[in-house]
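Quick look at coords32.txt (compact mmCIF, N, CA and C atoms):
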```txt
# COMPACT_ATOMS: atom_id res chain seq x y z
N MET A 317 72.54 116.36 105.84
CA MET A 317 72.73 116.79 104.47
C MET A 317 71.47 117.54 104.03
N PRO A 318 71.61 118.72 103.49
CA PRO A 318 70.42 119.51 103.14
C PRO A 318 69.69 119.02 101.90
N PHE A 319 70.35 118.24 101.06
CA PHE A 319 69.71 117.76 99.83
C PHE A 319 69.73 116.24 99.79
N ALA A 320 68.64 115.66 99.36
CA ALA A 320 68.56 114.20 99.24
C ALA A 320 69.19 113.77 97.92
N LEU A 321 69.92 112.66 97.95
CA LEU A 321 70.50 112.10 96.74
C LEU A 321 69.50 111.13 96.12
N CYS A 322 69.24 111.31 94.86
CA CYS A 322 68.22 110.48 94.20
C CYS A 322 68.81 109.28 93.47
N SER A 323 70.07 109.35 93.09
CA SER A 323 70.63 108.26 92.29
C SER A 323 71.95 107.74 92.85
N ALA A 324 72.15 107.88 94.14
CA ALA A 324 73.40 107.43 94.76
C ALA A 324 73.58 105.93 94.61
N SER A 325 72.53 105.16 94.79
CA SER A 325 72.66 103.71 94.69
C SER A 325 72.97 103.29 93.25
N GLU A 326 72.37 103.97 92.28
CA GLU A 326 72.65 103.67 90.88
C GLU A 326 74.11 103.99 90.54
N LYS A 327 74.61 105.11 91.06
CA LYS A 327 76.00 105.49 90.81
C LYS A 327 76.95 104.47 91.44
N LEU A 328 76.63 104.02 92.65
CA LEU A 328 77.48 103.03 93.31
C LEU A 328 77.52 101.74 92.48
N VAL A 329 76.37 101.29 92.00
CA VAL A 329 76.32 100.07 91.17
C VAL A 329 77.11 100.27 89.88
N SER A 330 76.95 101.43 89.27
CA SER A 330 77.67 101.73 88.03
C SER A 330 79.17 101.65 88.24
N GLU A 331 79.67 102.27 89.29
CA GLU A 331 81.10 102.26 89.57
C GLU A 331 81.59 100.88 89.96
N TYR A 332 80.84 100.17 90.79
CA TYR A 332 81.25 98.85 91.25
C TYR A 332 81.29 97.86 90.08
N ALA A 333 80.24 97.88 89.25
CA ALA A 333 80.14 96.92 88.15
C ALA A 333 80.94 97.35 86.93
N GLY A 334 81.38 98.60 86.90
CA GLY A 334 82.14 99.08 85.74
C GLY A 334 81.28 99.24 84.51
N ILE A 335 80.03 99.63 84.70
CA ILE A 335 79.13 99.83 83.57
C ILE A 335 78.66 101.28 83.57
N PRO A 336 78.27 101.78 82.40
CA PRO A 336 77.78 103.16 82.36
C PRO A 336 76.48 103.31 83.15
N LEU A 337 76.27 104.50 83.68
CA LEU A 337 75.08 104.75 84.49
C LEU A 337 73.78 104.40 83.76
N PRO A 338 73.61 104.76 82.48
CA PRO A 338 72.35 104.38 81.82
C PRO A 338 72.12 102.86 81.77
N ALA A 339 73.20 102.08 81.72
CA ALA A 339 73.07 100.62 81.67
C ALA A 339 72.54 100.06 82.97
N VAL A 340 72.75 100.77 84.07
CA VAL A 340 72.24 100.32 85.36
C VAL A 340 70.72 100.20 85.33
N TYR A 341 70.08 101.12 84.61
CA TYR A 341 68.62 101.12 84.55
C TYR A 341 68.07 99.96 83.73
N ASP A 342 68.93 99.28 82.98
CA ASP A 342 68.51 98.12 82.19
C ASP A 342 68.66 96.81 82.97
N LEU A 343 69.28 96.87 84.14
CA LEU A 343 69.46 95.65 84.95
C LEU A 343 68.13 95.20 85.54
N ASP A 344 67.97 93.89 85.68
CA ASP A 344 66.80 93.41 86.41
C ASP A 344 67.02 93.70 87.88
N ILE A 345 65.95 93.73 88.64
CA ILE A 345 66.02 94.18 90.03
C ILE A 345 66.89 93.28 90.91
N ILE A 346 66.87 91.98 90.65
CA ILE A 346 67.67 91.05 91.45
C ILE A 346 69.16 91.32 91.23
N THR A 347 69.54 91.51 89.99
CA THR A 347 70.95 91.81 89.67
C THR A 347 71.35 93.16 90.28
N PHE A 348 70.46 94.15 90.17
CA PHE A 348 70.74 95.46 90.75
C PHE A 348 70.97 95.36 92.25
N TRP A 349 70.08 94.68 92.96
CA TRP A 349 70.22 94.58 94.42
C TRP A 349 71.46 93.79 94.81
N ALA A 350 71.79 92.76 94.05
CA ALA A 350 73.00 91.98 94.34
C ALA A 350 74.25 92.83 94.15
N LEU A 351 74.30 93.59 93.06
CA LEU A 351 75.45 94.46 92.82
C LEU A 351 75.53 95.59 93.84
N LEU A 352 74.37 96.12 94.23
CA LEU A 352 74.35 97.17 95.25
C LEU A 352 74.88 96.65 96.58
N ARG A 353 74.43 95.48 96.98
CA ARG A 353 74.91 94.87 98.22
C ARG A 353 76.42 94.66 98.18
N ASP A 354 76.88 94.04 97.09
CA ASP A 354 78.32 93.78 96.95
C ASP A 354 79.12 95.08 96.90
N GLY A 355 78.58 96.09 96.22
CA GLY A 355 79.26 97.37 96.13
C GLY A 355 79.40 98.05 97.48
N VAL A 356 78.35 98.00 98.28
CA VAL A 356 78.40 98.59 99.61
C VAL A 356 79.44 97.84 100.46
N ILE A 357 79.41 96.53 100.42
CA ILE A 357 80.37 95.73 101.20
C ILE A 357 81.80 96.03 100.74
N TYR A 358 82.01 96.08 99.44
CA TYR A 358 83.34 96.37 98.91
C TYR A 358 83.83 97.74 99.36
N ASN A 359 82.98 98.75 99.24
CA ASN A 359 83.37 100.10 99.65
C ASN A 359 83.65 100.19 101.14
N ARG A 360 82.82 99.57 101.96
CA ARG A 360 83.04 99.60 103.40
C ARG A 360 84.33 98.88 103.80
N ALA A 361 84.67 97.83 103.08
CA ALA A 361 85.84 97.02 103.43
C ALA A 361 87.16 97.74 103.14
N GLN A 362 87.12 98.89 102.51
CA GLN A 362 88.35 99.60 102.15
C GLN A 362 89.00 100.34 103.32
N THR A 363 88.25 100.59 104.41
CA THR A 363 88.81 101.31 105.54
C THR A 363 88.60 100.51 106.83
N GLU A 364 89.41 100.79 107.82
CA GLU A 364 89.25 100.10 109.10
C GLU A 364 87.90 100.42 109.73
N THR A 365 87.47 101.66 109.63
CA THR A 365 86.15 102.04 110.16
C THR A 365 85.05 101.27 109.44
N GLY A 366 85.18 101.13 108.14
CA GLY A 366 84.20 100.37 107.37
C GLY A 366 84.19 98.90 107.73
N ARG A 367 85.38 98.34 107.93
CA ARG A 367 85.46 96.92 108.33
C ARG A 367 84.84 96.71 109.70
N LYS A 368 85.03 97.67 110.59
CA LYS A 368 84.39 97.59 111.91
C LYS A 368 82.87 97.64 111.75
N TRP A 369 82.38 98.51 110.87
CA TRP A 369 80.96 98.62 110.59
C TRP A 369 80.42 97.30 110.05
N LEU A 370 81.16 96.68 109.13
CA LEU A 370 80.74 95.39 108.55
C LEU A 370 80.69 94.29 109.60
N ARG A 371 81.70 94.24 110.47
CA ARG A 371 81.69 93.22 111.54
C ARG A 371 80.49 93.41 112.45
N ASN A 372 80.19 94.65 112.79
CA ASN A 372 79.04 94.93 113.65
C ASN A 372 77.74 94.59 112.93
N ALA A 373 77.65 94.94 111.66
CA ALA A 373 76.44 94.63 110.88
C ALA A 373 76.22 93.11 110.83
N TRP A 374 77.32 92.36 110.64
CA TRP A 374 77.20 90.90 110.62
C TRP A 374 76.74 90.40 111.98
N ARG A 375 77.35 90.95 113.05
CA ARG A 375 77.05 90.50 114.41
C ARG A 375 75.58 90.69 114.76
N ILE A 376 75.01 91.83 114.41
CA ILE A 376 73.62 92.08 114.81
C ILE A 376 72.61 91.32 113.96
N THR A 377 73.07 90.67 112.89
CA THR A 377 72.14 89.85 112.10
C THR A 377 72.11 88.40 112.57
N GLN A 378 73.02 88.02 113.47
CA GLN A 378 73.07 86.64 113.94
C GLN A 378 71.92 86.33 114.88
N THR A 379 71.33 85.16 114.71
CA THR A 379 70.19 84.77 115.54
C THR A 379 70.50 83.60 116.46
N GLU A 380 71.64 82.96 116.25
CA GLU A 380 72.03 81.83 117.08
C GLU A 380 73.22 82.24 117.96
N PRO A 381 73.23 81.84 119.23
CA PRO A 381 74.37 82.18 120.09
C PRO A 381 75.62 81.40 119.68
N GLU A 382 76.78 81.97 119.93
CA GLU A 382 78.05 81.28 119.69
C GLU A 382 78.37 80.48 120.94
N THR A 383 77.80 79.29 121.03
CA THR A 383 77.85 78.49 122.25
C THR A 383 79.28 78.14 122.66
N GLU A 384 80.15 77.85 121.71
CA GLU A 384 81.52 77.49 122.08
C GLU A 384 82.23 78.68 122.75
N LYS A 385 82.04 79.87 122.22
CA LYS A 385 82.66 81.05 122.82
C LYS A 385 82.06 81.33 124.19
N LEU A 386 80.77 81.13 124.33
CA LEU A 386 80.12 81.35 125.62
C LEU A 386 80.61 80.34 126.65
N LYS A 387 80.76 79.08 126.24
CA LYS A 387 81.27 78.06 127.16
C LYS A 387 82.70 78.37 127.57
N ALA A 388 83.50 78.85 126.62
CA ALA A 388 84.90 79.17 126.93
C ALA A 388 84.97 80.33 127.93
N LYS A 389 84.07 81.29 127.79
CA LYS A 389 84.13 82.45 128.65
C LYS A 389 83.50 82.21 130.01
N TYR A 390 82.35 81.50 130.05
CA TYR A 390 81.59 81.36 131.29
C TYR A 390 81.60 79.94 131.85
N GLY A 391 82.19 79.01 131.15
CA GLY A 391 82.20 77.64 131.62
C GLY A 391 80.99 76.89 131.13
N GLU A 392 80.99 75.60 131.35
CA GLU A 392 79.94 74.71 130.86
C GLU A 392 78.57 75.05 131.46
N ARG A 393 78.54 75.45 132.74
CA ARG A 393 77.26 75.69 133.39
C ARG A 393 76.88 77.17 133.42
N GLY A 394 77.73 78.04 132.89
CA GLY A 394 77.41 79.46 132.86
C GLY A 394 77.70 80.20 134.14
N ASN A 395 78.53 79.66 134.99
CA ASN A 395 78.84 80.30 136.27
C ASN A 395 79.92 81.32 136.14
```
Would you write out, as structure tokens, the structure that this file holds?
Amino acid sequence: MPFALCSASEKLVSEYAGIPLPAVYDLDIITFWALLRDGVIYNRAQTETGRKWLRNAWRITQTEPETEKLKAKYGERGN
């Protein structure tokens, strides 16, 4: 994209929360970030490609192995 968007996150929060754009600037930062996160998740969940992106995003944030799935696939000893 040849031009950077300066207020895309504010617009997303405004549309998601149903509030006017100027009101977004009156939100405290915690509320803004929470609405931005939820707005991004909501928008991504509207398409199959977005849902795939969300599943992958969730997967790469996991820090613990899914031991039951691993045992089912490779057996108790990993053979």
Inset, instruction - Quick one: pull the distance between CA of Ile357 in chain A and CA of Leu370 in chain A, Å, one decimal. - result: 7.4 Å
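As for atom C of Arg367 in chain A and atom C of Cys322 in chain A, they are spaced 26.0 Å apart.
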Inset, instruction - Run DSSP on the backbone and grab whatever in chain A lands in helix (DSSP H, G or I); send it over as a ChimeraX atom specification. - result: /A:324-333,337-340,345-360,364-377,383-390
10 Å contact set for Tyr332 in chain A, only C-alpha atoms, chain neighbours under 2 positions out, as a tab-separated table (two decimals) with N, CA and C atoms, in the coordinates of the input:
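File produced: result_0.tsv:
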```tsv
chain	number	residue	atom	x	y	z
A	326	GLU	N	72.37	103.97	92.28
A	326	GLU	CA	72.65	103.67	90.88
A	326	GLU	C	74.11	103.99	90.54
A	327	LYS	N	74.61	105.11	91.06
A	327	LYS	CA	76.00	105.49	90.81
A	327	LYS	C	76.95	104.47	91.44
A	328	LEU	N	76.63	104.02	92.65
A	328	LEU	CA	77.48	103.03	93.31
A	328	LEU	C	77.52	101.74	92.48
A	329	VAL	N	76.37	101.29	92.00
A	329	VAL	CA	76.32	100.07	91.17
A	329	VAL	C	77.11	100.27	89.88
A	330	SER	N	76.95	101.43	89.27
A	330	SER	CA	77.67	101.73	88.03
A	330	SER	C	79.17	101.65	88.24
A	334	GLY	N	81.38	98.60	86.90
A	334	GLY	CA	82.14	99.08	85.74
A	334	GLY	C	81.28	99.24	84.51
A	335	ILE	N	80.03	99.63	84.70
A	335	ILE	CA	79.13	99.83	83.57
A	335	ILE	C	78.66	101.28	83.57
A	351	LEU	N	74.30	93.59	93.06
A	351	LEU	CA	75.45	94.46	92.82
A	351	LEU	C	75.53	95.59	93.84
A	352	LEU	N	74.37	96.12	94.23
A	352	LEU	CA	74.35	97.17	95.25
A	352	LEU	C	74.88	96.65	96.58
A	354	ASP	N	76.88	94.04	97.09
A	354	ASP	CA	78.32	93.78	96.95
A	354	ASP	C	79.12	95.08	96.90
A	355	GLY	N	78.58	96.09	96.22
A	355	GLY	CA	79.26	97.37	96.13
A	355	GLY	C	79.40	98.05	97.48
A	356	VAL	N	78.35	98.00	98.28
A	356	VAL	CA	78.40	98.59	99.61
A	356	VAL	C	79.44	97.84	100.46
A	358	TYR	N	82.01	96.08	99.44
A	358	TYR	CA	83.34	96.37	98.91
A	358	TYR	C	83.83	97.74	99.36
A	359	ASN	N	82.98	98.75	99.24
A	359	ASN	CA	83.37	100.10	99.65
A	359	ASN	C	83.65	100.19	101.14
```
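Going from CA of Trp349 in chain A over to CA of Trp369 in chain A, you cover 19.8 Å.
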